[in-house]
$ cat entry04.pdb   # PDB, C-alpha atoms
MODEL        1
ATOM      1  CA  MET M   4     -35.428-158.082  30.688
ATOM      2  CA  ILE M   5     -38.152-155.543  31.467
ATOM      3  CA  GLU M   6     -40.720-154.978  28.725
ATOM      4  CA  ILE M   7     -42.987-151.940  28.941
ATOM      5  CA  SER M   8     -45.604-151.233  26.306
ATOM      6  CA  VAL M   9     -48.286-148.907  27.675
ATOM      7  CA  ARG M  10     -50.666-146.161  26.661
ATOM      8  CA  LYS M  11     -52.513-143.628  28.758
ATOM      9  CA  LYS M  12     -54.257-140.340  28.030
ATOM     10  CA  LEU M  13     -52.885-137.478  30.099
ATOM     11  CA  LYS M  14     -53.760-133.827  30.568
ATOM     12  CA  GLY M  15     -50.942-131.484  29.634
ATOM     13  CA  LYS M  16     -50.602-127.782  30.402
ATOM     14  CA  ILE M  17     -52.372-126.853  27.172
ATOM     15  CA  SER M  18     -54.209-129.935  25.949
ATOM     16  CA  GLU M  19     -54.552-133.684  26.356
ATOM     17  CA  PHE M  20     -51.884-136.002  24.986
ATOM     18  CA  GLU M  21     -51.253-139.731  25.016
ATOM     19  CA  LEU M  22     -48.405-141.349  26.865
ATOM     20  CA  ASN M  23     -47.307-144.026  24.396
ATOM     21  CA  ILE M  24     -44.268-145.961  25.609
ATOM     22  CA  ASP M  25     -42.768-149.098  24.081
ATOM     23  CA  ILE M  26     -39.339-149.859  25.557
ATOM     24  CA  ARG M  27     -37.112-152.741  26.625
ATOM     25  CA  ILE M  28     -34.679-152.479  29.541
ATOM     26  CA  GLU M  29     -31.985-155.051  30.256
ATOM     27  CA  SER M  30     -31.795-156.394  33.805
ATOM     28  CA  GLY M  31     -29.036-154.570  35.672
ATOM     29  CA  ASP M  32     -29.245-151.411  33.552
ATOM     30  CA  PHE M  33     -29.187-147.953  35.101
ATOM     31  CA  VAL M  34     -31.641-146.038  32.933
ATOM     32  CA  ALA M  35     -32.249-142.291  32.966
ATOM     33  CA  VAL M  36     -35.553-140.828  31.759
ATOM     34  CA  PHE M  37     -35.074-137.276  30.525
ATOM     35  CA  GLY M  38     -37.464-134.682  29.136
ATOM     36  CA  LYS M  39     -39.326-131.457  29.796
ATOM     37  CA  SER M  40     -41.782-131.132  32.664
ATOM     38  CA  GLY M  41     -45.138-132.619  31.745
ATOM     39  CA  SER M  42     -43.751-135.091  29.207
ATOM     40  CA  GLY M  43     -44.911-138.136  31.206
ATOM     41  CA  LYS M  44     -41.723-139.156  33.038
ATOM     42  CA  THR M  45     -43.160-139.476  36.556
ATOM     43  CA  THR M  46     -46.337-141.079  35.224
ATOM     44  CA  LEU M  47     -44.200-143.771  33.602
ATOM     45  CA  LEU M  48     -42.528-144.561  36.941
ATOM     46  CA  LYS M  49     -45.884-144.662  38.719
ATOM     47  CA  MET M  50     -47.285-147.078  36.128
ATOM     48  CA  ILE M  51     -44.329-149.413  36.635
ATOM     49  CA  ALA M  52     -44.934-149.222  40.389
ATOM     50  CA  GLY M  53     -48.682-149.862  40.004
ATOM     51  CA  LEU M  54     -49.662-146.478  41.451
ATOM     52  CA  ILE M  55     -51.299-145.469  38.139
ATOM     53  CA  ASN M  56     -52.950-147.901  35.734
ATOM     54  CA  PRO M  57     -52.302-147.643  31.973
ATOM     55  CA  ASP M  58     -55.342-147.446  29.710
ATOM     56  CA  GLU M  59     -53.922-150.390  27.794
ATOM     57  CA  GLY M  60     -50.744-152.380  27.320
ATOM     58  CA  PHE M  61     -48.511-154.606  29.414
ATOM     59  CA  ILE M  62     -45.561-154.565  31.834
ATOM     60  CA  ASN M  63     -43.447-157.715  32.007
ATOM     61  CA  VAL M  64     -40.561-157.918  34.508
ATOM     62  CA  GLU M  65     -38.184-160.841  33.997
ATOM     63  CA  GLY M  66     -40.979-163.090  32.799
ATOM     64  CA  GLU M  67     -43.467-162.006  35.473
ATOM     65  CA  VAL M  68     -46.500-160.093  34.154
ATOM     66  CA  TRP M  69     -47.266-157.117  36.375
ATOM     67  CA  PHE M  70     -49.898-155.608  34.098
ATOM     68  CA  ASP M  71     -51.743-156.795  31.002
ATOM     69  CA  SER M  72     -54.935-155.017  29.966
ATOM     70  CA  ARG M  73     -56.050-157.777  27.589
ATOM     71  CA  LYS M  74     -55.567-160.568  30.120
ATOM     72  CA  LYS M  75     -56.922-158.350  32.932
ATOM     73  CA  ILE M  76     -53.788-158.814  35.031
ATOM     74  CA  ASN M  77     -52.869-156.010  37.443
ATOM     75  CA  ILE M  78     -50.523-156.941  40.286
ATOM     76  CA  PRO M  79     -51.078-154.525  43.227
ATOM     77  CA  PRO M  80     -48.190-152.183  44.169
ATOM     78  CA  GLN M  81     -47.389-153.983  47.417
ATOM     79  CA  LYS M  82     -46.752-157.219  45.504
ATOM     80  CA  ARG M  83     -44.459-155.651  42.918
ATOM     81  CA  ARG M  84     -40.752-155.843  43.769
ATOM     82  CA  ILE M  85     -40.328-152.077  43.569
ATOM     83  CA  GLY M  86     -38.376-149.563  45.616
ATOM     84  CA  PHE M  87     -39.559-145.998  44.955
ATOM     85  CA  VAL M  88     -37.697-142.859  46.044
ATOM     86  CA  PHE M  89     -39.634-139.621  45.584
ATOM     87  CA  GLN M  90     -38.339-136.082  45.229
ATOM     88  CA  ASP M  91     -40.139-135.004  48.418
ATOM     89  CA  TYR M  92     -38.915-138.060  50.413
ATOM     90  CA  ALA M  93     -42.490-139.158  51.373
ATOM     91  CA  LEU M  94     -41.423-140.255  54.856
ATOM     92  CA  PHE M  95     -44.004-140.840  57.585
ATOM     93  CA  PRO M  96     -43.596-137.832  59.936
ATOM     94  CA  ASN M  97     -44.958-139.658  62.998
ATOM     95  CA  MET M  98     -42.449-142.522  62.659
ATOM     96  CA  THR M  99     -38.773-142.682  63.538
ATOM     97  CA  VAL M 100     -36.135-143.478  60.942
ATOM     98  CA  GLU M 101     -36.104-147.102  62.076
ATOM     99  CA  GLU M 102     -39.907-147.349  61.958
ATOM    100  CA  ASN M 103     -40.024-145.821  58.459
ATOM    101  CA  ILE M 104     -37.641-148.484  57.174
ATOM    102  CA  LEU M 105     -39.287-151.394  59.005
ATOM    103  CA  PHE M 106     -42.668-150.339  57.610
ATOM    104  CA  ALA M 107     -41.438-151.187  54.083
ATOM    105  CA  MET M 108     -40.517-154.764  55.033
ATOM    106  CA  ASP M 109     -42.965-157.605  54.450
ATOM    107  CA  VAL M 110     -41.414-159.368  57.434
ATOM    108  CA  LYS M 111     -39.587-157.323  60.053
ATOM    109  CA  ASP M 112     -35.909-158.209  59.649
ATOM    110  CA  TYR M 113     -33.740-156.379  62.187
ATOM    111  CA  ARG M 114     -30.514-157.858  60.841
ATOM    112  CA  SER M 115     -31.306-156.486  57.394
ATOM    113  CA  LEU M 116     -32.345-153.204  59.018
ATOM    114  CA  ASP M 117     -28.948-152.870  60.713
ATOM    115  CA  GLU M 118     -27.135-153.624  57.425
ATOM    116  CA  ILE M 119     -29.115-150.989  55.538
ATOM    117  CA  LEU M 120     -28.662-148.364  58.260
ATOM    118  CA  LYS M 121     -24.908-148.989  58.181
ATOM    119  CA  LEU M 122     -24.721-148.936  54.384
ATOM    120  CA  MET M 123     -26.556-145.586  54.201
ATOM    121  CA  GLU M 124     -24.536-144.173  57.130
ATOM    122  CA  ILE M 125     -27.635-143.364  59.190
ATOM    123  CA  GLU M 126     -27.126-145.690  62.161
ATOM    124  CA  ASN M 127     -27.020-142.736  64.552
ATOM    125  CA  LEU M 128     -30.357-141.432  63.223
ATOM    126  CA  ARG M 129     -32.496-144.502  63.879
ATOM    127  CA  GLU M 130     -34.497-142.975  66.752
ATOM    128  CA  ARG M 131     -34.997-139.573  65.158
ATOM    129  CA  LYS M 132     -38.087-138.372  63.293
ATOM    130  CA  PRO M 133     -37.994-136.832  59.792
ATOM    131  CA  GLU M 134     -38.628-133.265  60.963
ATOM    132  CA  THR M 135     -35.239-133.270  62.731
ATOM    133  CA  LEU M 136     -33.270-134.394  59.644
ATOM    134  CA  SER M 137     -31.528-132.455  56.881
ATOM    135  CA  GLY M 138     -32.523-132.911  53.249
ATOM    136  CA  GLY M 139     -29.601-135.243  52.595
ATOM    137  CA  GLN M 140     -30.406-137.331  55.670
ATOM    138  CA  LYS M 141     -34.063-137.590  54.659
ATOM    139  CA  GLN M 142     -33.066-138.803  51.209
ATOM    140  CA  ARG M 143     -30.762-141.421  52.712
ATOM    141  CA  VAL M 144     -33.666-142.672  54.822
ATOM    142  CA  ALA M 145     -35.942-142.724  51.769
ATOM    143  CA  LEU M 146     -33.362-144.757  49.848
ATOM    144  CA  ALA M 147     -32.899-147.097  52.824
ATOM    145  CA  ARG M 148     -36.657-147.645  52.981
ATOM    146  CA  ALA M 149     -36.736-148.450  49.257
ATOM    147  CA  LEU M 150     -33.949-151.015  49.716
ATOM    148  CA  ALA M 151     -35.808-152.593  52.640
ATOM    149  CA  ARG M 152     -38.370-153.902  50.147
ATOM    150  CA  LYS M 153     -35.610-155.974  48.486
ATOM    151  CA  PRO M 154     -36.651-154.649  45.085
ATOM    152  CA  LYS M 155     -35.956-155.922  41.602
ATOM    153  CA  ILE M 156     -36.402-152.385  40.280
ATOM    154  CA  LEU M 157     -35.371-149.142  41.969
ATOM    155  CA  LEU M 158     -37.376-146.122  40.800
ATOM    156  CA  LEU M 159     -35.917-142.657  41.453
ATOM    157  CA  ASP M 160     -38.020-139.571  40.727
ATOM    158  CA  GLU M 161     -35.549-136.650  40.688
ATOM    159  CA  PRO M 162     -34.329-137.767  44.110
ATOM    160  CA  LEU M 163     -31.485-135.256  44.484
ATOM    161  CA  SER M 164     -32.820-132.125  42.797
ATOM    162  CA  ALA M 165     -33.513-130.242  46.042
ATOM    163  CA  LEU M 166     -30.074-130.851  47.571
ATOM    164  CA  ASP M 167     -26.934-128.723  47.556
ATOM    165  CA  LEU M 168     -24.069-129.654  45.222
ATOM    166  CA  GLU M 169     -21.827-131.289  47.833
ATOM    167  CA  THR M 170     -24.629-133.468  49.220
ATOM    168  CA  ARG M 171     -25.860-134.293  45.723
ATOM    169  CA  LEU M 172     -22.422-135.505  44.604
ATOM    170  CA  LYS M 173     -22.031-137.739  47.664
ATOM    171  CA  LEU M 174     -25.504-139.235  47.277
ATOM    172  CA  GLN M 175     -24.881-139.863  43.575
ATOM    173  CA  ASP M 176     -21.922-142.023  44.608
ATOM    174  CA  GLU M 177     -24.067-143.851  47.161
ATOM    175  CA  ILE M 178     -26.854-144.495  44.650
ATOM    176  CA  GLY M 179     -24.295-145.937  42.223
ATOM    177  CA  THR M 180     -22.914-148.169  44.987
ATOM    178  CA  VAL M 181     -26.410-149.367  45.955
ATOM    179  CA  HIS M 182     -27.279-150.096  42.322
ATOM    180  CA  ARG M 183     -24.226-152.314  41.902
ATOM    181  CA  ARG M 184     -24.218-153.939  45.342
ATOM    182  CA  PHE M 185     -27.858-155.044  45.193
ATOM    183  CA  ASN M 186     -27.714-155.912  41.482
ATOM    184  CA  LEU M 187     -30.689-153.672  40.771
ATOM    185  CA  THR M 188     -32.302-152.427  37.624
ATOM    186  CA  THR M 189     -32.612-148.693  38.271
ATOM    187  CA  ILE M 190     -34.829-146.215  36.442
ATOM    188  CA  MET M 191     -34.225-142.571  37.314
ATOM    189  CA  VAL M 192     -36.020-139.414  36.236
ATOM    190  CA  SER M 193     -33.522-136.552  36.139
ATOM    191  CA  HIS M 194     -32.901-133.141  34.560
ATOM    192  CA  ASP M 195     -29.283-133.107  35.733
ATOM    193  CA  PHE M 196     -26.872-133.880  32.885
ATOM    194  CA  SER M 197     -23.955-134.626  35.231
ATOM    195  CA  GLU M 198     -26.116-137.052  37.206
ATOM    196  CA  ILE M 199     -27.176-138.828  34.029
ATOM    197  CA  PHE M 200     -23.607-139.082  32.705
ATOM    198  CA  LYS M 201     -22.265-140.228  36.062
ATOM    199  CA  LEU M 202     -24.852-142.905  36.854
ATOM    200  CA  SER M 203     -26.706-144.175  33.805
ATOM    201  CA  ASN M 204     -25.663-146.399  30.946
ATOM    202  CA  ARG M 205     -28.772-145.674  28.887
ATOM    203  CA  VAL M 206     -31.112-142.713  28.391
ATOM    204  CA  PHE M 207     -34.687-142.434  27.158
ATOM    205  CA  VAL M 208     -35.709-138.934  26.084
ATOM    206  CA  LEU M 209     -39.457-138.257  26.357
ATOM    207  CA  SER M 210     -41.390-135.542  24.569
ATOM    208  CA  ASP M 211     -45.190-135.246  24.636
ATOM    209  CA  GLY M 212     -45.521-138.772  25.975
ATOM    210  CA  LYS M 213     -43.281-140.500  23.416
ATOM    211  CA  VAL M 214     -39.682-141.696  23.416
ATOM    212  CA  ILE M 215     -37.963-139.593  20.767
ATOM    213  CA  LYS M 216     -34.385-140.728  21.460
ATOM    214  CA  SER M 217     -32.665-143.553  23.292
ATOM    215  CA  GLY M 218     -29.071-144.606  23.685
ATOM    216  CA  LYS M 219     -25.916-144.008  25.690
ATOM    217  CA  PRO M 220     -25.694-140.603  27.416
ATOM    218  CA  GLU M 221     -22.778-139.463  25.259
ATOM    219  CA  ASP M 222     -24.651-140.368  22.070
ATOM    220  CA  ILE M 223     -27.792-138.524  23.191
ATOM    221  CA  PHE M 224     -26.321-135.315  24.563
ATOM    222  CA  ILE M 225     -23.117-134.740  22.623
ATOM    223  CA  GLN M 226     -24.105-133.532  19.184
ATOM    224  CA  GLU M 227     -20.706-133.627  17.565
ATOM    225  CA  LYS M 228     -18.642-136.805  17.643
ATOM    226  CA  ILE M 229     -15.150-136.010  18.774
ATOM    227  CA  SER M 230     -12.334-138.155  17.477
ATOM    228  CA  GLY M 231      -9.549-138.867  19.917
ATOM    229  CA  LYS M 232      -8.081-141.665  21.927
ATOM    230  CA  VAL M 233      -9.402-140.307  25.226
ATOM    231  CA  LYS M 234     -12.799-138.784  26.018
ATOM    232  CA  PHE M 235     -14.828-138.735  29.201
ATOM    233  CA  SER M 236     -17.383-136.545  30.938
ATOM    234  CA  GLY M 237     -17.507-135.101  34.415
ATOM    235  CA  GLN M 238     -18.742-132.284  36.616
ATOM    236  CA  VAL M 239     -16.853-129.029  37.142
ATOM    237  CA  LEU M 240     -15.848-128.599  40.792
ATOM    238  CA  LYS M 241     -13.565-125.565  40.615
ATOM    239  CA  ILE M 242     -12.172-123.010  38.139
ATOM    240  CA  GLU M 243      -8.955-121.247  39.170
ATOM    241  CA  LYS M 244      -6.980-118.612  37.285
ATOM    242  CA  GLU M 245      -3.209-118.977  37.166
ATOM    243  CA  ASP M 246      -1.347-116.303  35.219
ATOM    244  CA  VAL M 247      -2.837-116.351  31.704
ATOM    245  CA  VAL M 248      -4.504-119.780  31.922
ATOM    246  CA  PHE M 249      -7.277-121.415  33.947
ATOM    247  CA  ILE M 250      -7.098-124.681  35.905
ATOM    248  CA  VAL M 251     -10.420-126.519  35.753
ATOM    249  CA  SER M 252     -10.987-129.308  38.305
ATOM    250  CA  VAL M 253     -13.428-131.895  36.962
ATOM    251  CA  LEU M 254     -14.942-134.802  38.903
ATOM    252  CA  VAL M 255     -14.804-137.940  36.740
ATOM    253  CA  GLY M 256     -16.143-140.952  38.607
ATOM    254  CA  ASN M 257     -14.312-140.874  41.927
ATOM    255  CA  ASN M 258     -11.310-138.995  40.534
ATOM    256  CA  VAL M 259     -10.620-135.286  40.092
ATOM    257  CA  ILE M 260      -8.964-134.362  36.788
ATOM    258  CA  LYS M 261      -7.291-130.958  36.331
ATOM    259  CA  VAL M 262      -7.343-129.467  32.843
ATOM    260  CA  VAL M 263      -5.400-126.410  31.726
ATOM    261  CA  SER M 264      -7.663-124.183  29.599
ATOM    262  CA  VAL M 265      -7.646-120.761  28.038
ATOM    263  CA  GLU M 266     -10.346-118.175  28.623
ATOM    264  CA  ASP M 267     -12.183-118.821  25.335
ATOM    265  CA  GLU M 268     -12.607-122.509  26.186
ATOM    266  CA  ILE M 269     -14.191-121.920  29.585
ATOM    267  CA  LYS M 270     -16.102-118.671  29.038
ATOM    268  CA  ASP M 271     -19.467-120.488  29.111
ATOM    269  CA  ILE M 272     -18.486-123.009  31.783
ATOM    270  CA  LYS M 273     -19.279-122.641  35.491
ATOM    271  CA  VAL M 274     -18.999-124.784  38.617
ATOM    272  CA  GLY M 275     -21.581-127.585  38.522
ATOM    273  CA  ASP M 276     -21.676-127.862  34.718
ATOM    274  CA  THR M 277     -21.204-131.185  32.975
ATOM    275  CA  VAL M 278     -18.283-131.066  30.537
ATOM    276  CA  LEU M 279     -16.580-133.361  28.086
ATOM    277  CA  ILE M 280     -12.811-133.739  28.272
ATOM    278  CA  ALA M 281     -11.232-135.041  25.086
ATOM    279  CA  SER M 282      -7.699-135.490  23.871
ATOM    280  CA  LYS M 283      -6.418-135.026  20.352
ATOM    281  CA  ALA M 284      -2.749-135.724  19.779
ATOM    282  CA  PHE M 285      -2.236-135.749  23.566
ATOM    283  CA  ASN M 286      -3.567-132.205  23.920
ATOM    284  CA  PRO M 287      -6.610-132.286  26.228
ATOM    285  CA  PHE M 288      -9.402-129.771  25.796
ATOM    286  CA  ILE M 289     -12.681-129.157  27.566
ATOM    287  CA  MET M 290     -16.174-128.345  26.301
ATOM    288  CA  LYS M 291     -19.583-127.864  27.876
ATOM    289  CA  VAL M 292     -22.142-130.608  27.261
TER
ENDMDL
END
$ encode --input "entry04.pdb" --output "structure tokens"
Amino acid sequence: MIEISVRKKLKGKISEFELNIDIRIESGDFVAVFGKSGSGKTTLLKMIAGLINPDEGFINVEGEVWFDSRKKINIPPQKRRIGFVFQDYALFPNMTVEENILFAMDVKDYRSLDEILKLMEIENLRERKPETLSGGQKQRVALARALARKPKILLLDEPLSALDLETRLKLQDEIGTVHRRFNLTTIMVSHDFSEIFKLSNRVFVLSDGKVIKSGKPEDIFIQEKISGKVKFSGQVLKIEKEDVVFIVSVLVGNNVIKVVSVEDEIKDIKVGDTVLIASKAFNPFIMKV
């Protein structure tokens, strides 16, 4: 269990506001933090990591107090079991891929290094420097470096937002695999609905520094409850016209589902959108989330 109850005054675009968060996260959860820019999402991650101090409150991770303003406890970032992946990668430009990953280790462990390089499919990049890598490769290295810390909590600050769709989809799969394989608690800031539906089991929606909604992704983002024996969400990969109907290919987990739709159903849907596929009386239909 991770308990976070913190307050901090922040400067918004127009005026000051207070970040006031009081949440509980189960160990092993994959949590998405969603909200408009400037609502306090990244600040929350940085407070968990110890990069920003709350004005007051506490952070308790599985019985270990990382911060408590009343007891004057503030564990430094390097002693918190955190792996942090930033949107801009934050790799050391003067270091090779291997050196970037080793830098994150308390004790240099080359066996663990080899395992992580293999897992992230970057073994052939170990001697290269960040300036020679693509965006997707840089993000793999950043994730590998985060894993090298053997974290309890993996923090992801919009890690895939700058990548193309194909690379983003592949890295989403890899993040999900890493989360499960290392038995992590993952907290991800994201504006991407498909990413949230695909990866997270719980969402916190922030507005002006406060959690205004929390729950499962489908409960947060789907306004109307749809009755039916089958319903699932996915990302649109392709829309093809065949005679008077359209064939919509939707990525659901690791599977591609094809749905036959009419023009009215898909008029507002485009490739990359997150959609809900539901079935009533064995007749599937599709709607934009």
$ closest_residue --input "entry04.pdb" --among "M:Glu245, M:Leu150, M:Lys270, M:Ser42" --to "Leu187 in chain M" --atoms "all atoms listed in the file"
M:Leu150
$ residues_around --input "entry04.pdb" --residues "Ser203 in chain M" --least-positions-apart "3" --cutoff "7 Å" --atoms "only C-alpha atoms" --output "list in words"
Phe33, Val34, Ala35, Ile199 and Phe200 of chain M
$ atom_distance --input "entry04.pdb" --atom1 "CA of Asp271 in chain M" --atom2 "CA of Ser252 in chain M"
15.3 Å
$ resolve_selection --input "entry04.pdb" --expression "the PyMOL selection byres ((chain M and resi 142) around 12)" --output "PDB file with C-alpha atoms, in the coordinates of the input"
ATOM      1  CA  PHE M  87     -39.559-145.998  44.955  1.00  0.00           C
ATOM      2  CA  VAL M  88     -37.697-142.859  46.044  1.00  0.00           C
ATOM      3  CA  PHE M  89     -39.634-139.621  45.584  1.00  0.00           C
ATOM      4  CA  GLN M  90     -38.339-136.082  45.229  1.00  0.00           C
ATOM      5  CA  ASP M  91     -40.139-135.004  48.418  1.00  0.00           C
ATOM      6  CA  TYR M  92     -38.915-138.060  50.413  1.00  0.00           C
ATOM      7  CA  ALA M  93     -42.490-139.158  51.373  1.00  0.00           C
ATOM      8  CA  LEU M  94     -41.423-140.255  54.856  1.00  0.00           C
ATOM      9  CA  VAL M 100     -36.135-143.478  60.942  1.00  0.00           C
ATOM     10  CA  MET M 123     -26.556-145.586  54.201  1.00  0.00           C
ATOM     11  CA  GLU M 124     -24.536-144.173  57.130  1.00  0.00           C
ATOM     12  CA  ILE M 125     -27.635-143.364  59.190  1.00  0.00           C
ATOM     13  CA  PRO M 133     -37.994-136.832  59.792  1.00  0.00           C
ATOM     14  CA  LEU M 136     -33.270-134.394  59.644  1.00  0.00           C
ATOM     15  CA  SER M 137     -31.528-132.455  56.881  1.00  0.00           C
ATOM     16  CA  GLY M 138     -32.523-132.911  53.249  1.00  0.00           C
ATOM     17  CA  GLY M 139     -29.601-135.243  52.595  1.00  0.00           C
ATOM     18  CA  GLN M 140     -30.406-137.331  55.670  1.00  0.00           C
ATOM     19  CA  LYS M 141     -34.063-137.590  54.659  1.00  0.00           C
ATOM     20  CA  ARG M 143     -30.762-141.421  52.712  1.00  0.00           C
ATOM     21  CA  VAL M 144     -33.666-142.672  54.822  1.00  0.00           C
ATOM     22  CA  ALA M 145     -35.942-142.724  51.769  1.00  0.00           C
ATOM     23  CA  LEU M 146     -33.362-144.757  49.848  1.00  0.00           C
ATOM     24  CA  ALA M 147     -32.899-147.097  52.824  1.00  0.00           C
ATOM     25  CA  ARG M 148     -36.657-147.645  52.981  1.00  0.00           C
ATOM     26  CA  ALA M 149     -36.736-148.450  49.257  1.00  0.00           C
ATOM     27  CA  LEU M 159     -35.917-142.657  41.453  1.00  0.00           C
ATOM     28  CA  ASP M 160     -38.020-139.571  40.727  1.00  0.00           C
ATOM     29  CA  GLU M 161     -35.549-136.650  40.688  1.00  0.00           C
ATOM     30  CA  PRO M 162     -34.329-137.767  44.110  1.00  0.00           C
ATOM     31  CA  LEU M 163     -31.485-135.256  44.484  1.00  0.00           C
ATOM     32  CA  SER M 164     -32.820-132.125  42.797  1.00  0.00           C
ATOM     33  CA  ALA M 165     -33.513-130.242  46.042  1.00  0.00           C
ATOM     34  CA  LEU M 166     -30.074-130.851  47.571  1.00  0.00           C
ATOM     35  CA  THR M 170     -24.629-133.468  49.220  1.00  0.00           C
ATOM     36  CA  ARG M 171     -25.860-134.293  45.723  1.00  0.00           C
ATOM     37  CA  LYS M 173     -22.031-137.739  47.664  1.00  0.00           C
ATOM     38  CA  LEU M 174     -25.504-139.235  47.277  1.00  0.00           C
ATOM     39  CA  GLN M 175     -24.881-139.863  43.575  1.00  0.00           C
ATOM     40  CA  GLU M 177     -24.067-143.851  47.161  1.00  0.00           C
ATOM     41  CA  ILE M 178     -26.854-144.495  44.650  1.00  0.00           C
TER      42      ILE M 178
END
$ resolve_selection --input "entry04.pdb" --expression "the PyMOL selection byres ((chain M and resi 106) around 12)" --output "list in words"
Gln81, Leu94, Phe95, Met98, Thr99, Val100, Glu101, Glu102, Asn103, Ile104, Leu105, Ala107, Met108, Asp109, Val110, Lys111, Asp112, Tyr113, Leu116, Ala145, Ala147, Arg148, Ala149, Leu150, Ala151 and Arg152 of chain M
$ decode --input "entry04.pdb" --residues "range 201-260 of chain M" --atoms "C-alpha atoms" --output "PDB file, in the first residue's frame"
ATOM      1  CA  LYS M 201      -4.408  -0.276 -22.393  1.00  0.00           C
ATOM      2  CA  LEU M 202      -2.080  -0.077 -19.388  1.00  0.00           C
ATOM      3  CA  SER M 203      -3.771   1.170 -16.236  1.00  0.00           C
ATOM      4  CA  ASN M 204      -6.245  -0.426 -13.883  1.00  0.00           C
ATOM      5  CA  ARG M 205      -6.989   2.807 -12.032  1.00  0.00           C
ATOM      6  CA  VAL M 206      -7.142   6.506 -12.915  1.00  0.00           C
ATOM      7  CA  PHE M 207      -6.866   9.664 -10.834  1.00  0.00           C
ATOM      8  CA  VAL M 208      -8.178  12.793 -12.546  1.00  0.00           C
ATOM      9  CA  LEU M 209      -6.581  16.030 -11.302  1.00  0.00           C
ATOM     10  CA  SER M 210      -7.992  19.521 -11.667  1.00  0.00           C
ATOM     11  CA  ASP M 211      -6.474  22.607 -10.022  1.00  0.00           C
ATOM     12  CA  GLY M 212      -4.377  20.449  -7.724  1.00  0.00           C
ATOM     13  CA  LYS M 213      -7.174  18.177  -6.470  1.00  0.00           C
ATOM     14  CA  VAL M 214      -8.354  14.683  -7.357  1.00  0.00           C
ATOM     15  CA  ILE M 215     -11.860  15.164  -8.724  1.00  0.00           C
ATOM     16  CA  LYS M 216     -12.430  11.589  -9.932  1.00  0.00           C
ATOM     17  CA  SER M 217     -10.871   8.186  -9.395  1.00  0.00           C
ATOM     18  CA  GLY M 218     -11.730   4.706 -10.550  1.00  0.00           C
ATOM     19  CA  LYS M 219     -11.343   2.255 -13.409  1.00  0.00           C
ATOM     20  CA  PRO M 220     -10.643   3.823 -16.826  1.00  0.00           C
ATOM     21  CA  GLU M 221     -13.980   2.701 -18.261  1.00  0.00           C
ATOM     22  CA  ASP M 222     -15.868   4.212 -15.319  1.00  0.00           C
ATOM     23  CA  ILE M 223     -14.016   7.529 -15.618  1.00  0.00           C
ATOM     24  CA  PHE M 224     -14.088   8.087 -19.364  1.00  0.00           C
ATOM     25  CA  ILE M 225     -17.224   6.358 -20.601  1.00  0.00           C
ATOM     26  CA  GLN M 226     -20.152   8.526 -19.609  1.00  0.00           C
ATOM     27  CA  GLU M 227     -22.934   6.175 -20.565  1.00  0.00           C
ATOM     28  CA  LYS M 228     -22.996   2.637 -19.207  1.00  0.00           C
ATOM     29  CA  ILE M 229     -23.563   0.218 -22.024  1.00  0.00           C
ATOM     30  CA  SER M 230     -25.376  -2.999 -21.261  1.00  0.00           C
ATOM     31  CA  GLY M 231     -24.166  -6.050 -23.117  1.00  0.00           C
ATOM     32  CA  LYS M 232     -22.353  -9.277 -22.547  1.00  0.00           C
ATOM     33  CA  VAL M 233     -19.187  -8.081 -24.284  1.00  0.00           C
ATOM     34  CA  LYS M 234     -17.454  -4.698 -24.074  1.00  0.00           C
ATOM     35  CA  PHE M 235     -13.820  -3.734 -24.412  1.00  0.00           C
ATOM     36  CA  SER M 236     -11.730  -0.776 -25.521  1.00  0.00           C
ATOM     37  CA  GLY M 237      -8.905  -0.482 -27.994  1.00  0.00           C
ATOM     38  CA  GLN M 238      -7.068   1.753 -30.431  1.00  0.00           C
ATOM     39  CA  VAL M 239      -8.071   2.183 -34.072  1.00  0.00           C
ATOM     40  CA  LEU M 240      -5.321   0.959 -36.407  1.00  0.00           C
ATOM     41  CA  LYS M 241      -7.059   1.089 -39.785  1.00  0.00           C
ATOM     42  CA  ILE M 242     -10.380   2.062 -41.405  1.00  0.00           C
ATOM     43  CA  GLU M 243     -11.139   0.465 -44.781  1.00  0.00           C
ATOM     44  CA  LYS M 244     -14.184   0.923 -46.996  1.00  0.00           C
ATOM     45  CA  GLU M 245     -15.722  -2.172 -48.552  1.00  0.00           C
ATOM     46  CA  ASP M 246     -18.786  -1.590 -50.716  1.00  0.00           C
ATOM     47  CA  VAL M 247     -21.305   0.213 -48.484  1.00  0.00           C
ATOM     48  CA  VAL M 248     -19.692  -0.640 -45.130  1.00  0.00           C
ATOM     49  CA  PHE M 249     -16.420   0.097 -43.336  1.00  0.00           C
ATOM     50  CA  ILE M 250     -14.034  -2.416 -41.745  1.00  0.00           C
ATOM     51  CA  VAL M 251     -12.436  -0.956 -38.623  1.00  0.00           C
ATOM     52  CA  SER M 252      -9.327  -2.720 -37.269  1.00  0.00           C
ATOM     53  CA  VAL M 253      -8.976  -2.159 -33.524  1.00  0.00           C
ATOM     54  CA  LEU M 254      -6.006  -3.150 -31.355  1.00  0.00           C
ATOM     55  CA  VAL M 255      -7.297  -4.745 -28.141  1.00  0.00           C
ATOM     56  CA  GLY M 256      -4.440  -5.919 -25.949  1.00  0.00           C
ATOM     57  CA  ASN M 257      -2.238  -7.928 -28.292  1.00  0.00           C
ATOM     58  CA  ASN M 258      -5.093  -8.815 -30.648  1.00  0.00           C
ATOM     59  CA  VAL M 259      -6.575  -6.997 -33.636  1.00  0.00           C
ATOM     60  CA  ILE M 260     -10.380  -7.058 -33.803  1.00  0.00           C
TER      61      ILE M 260
END
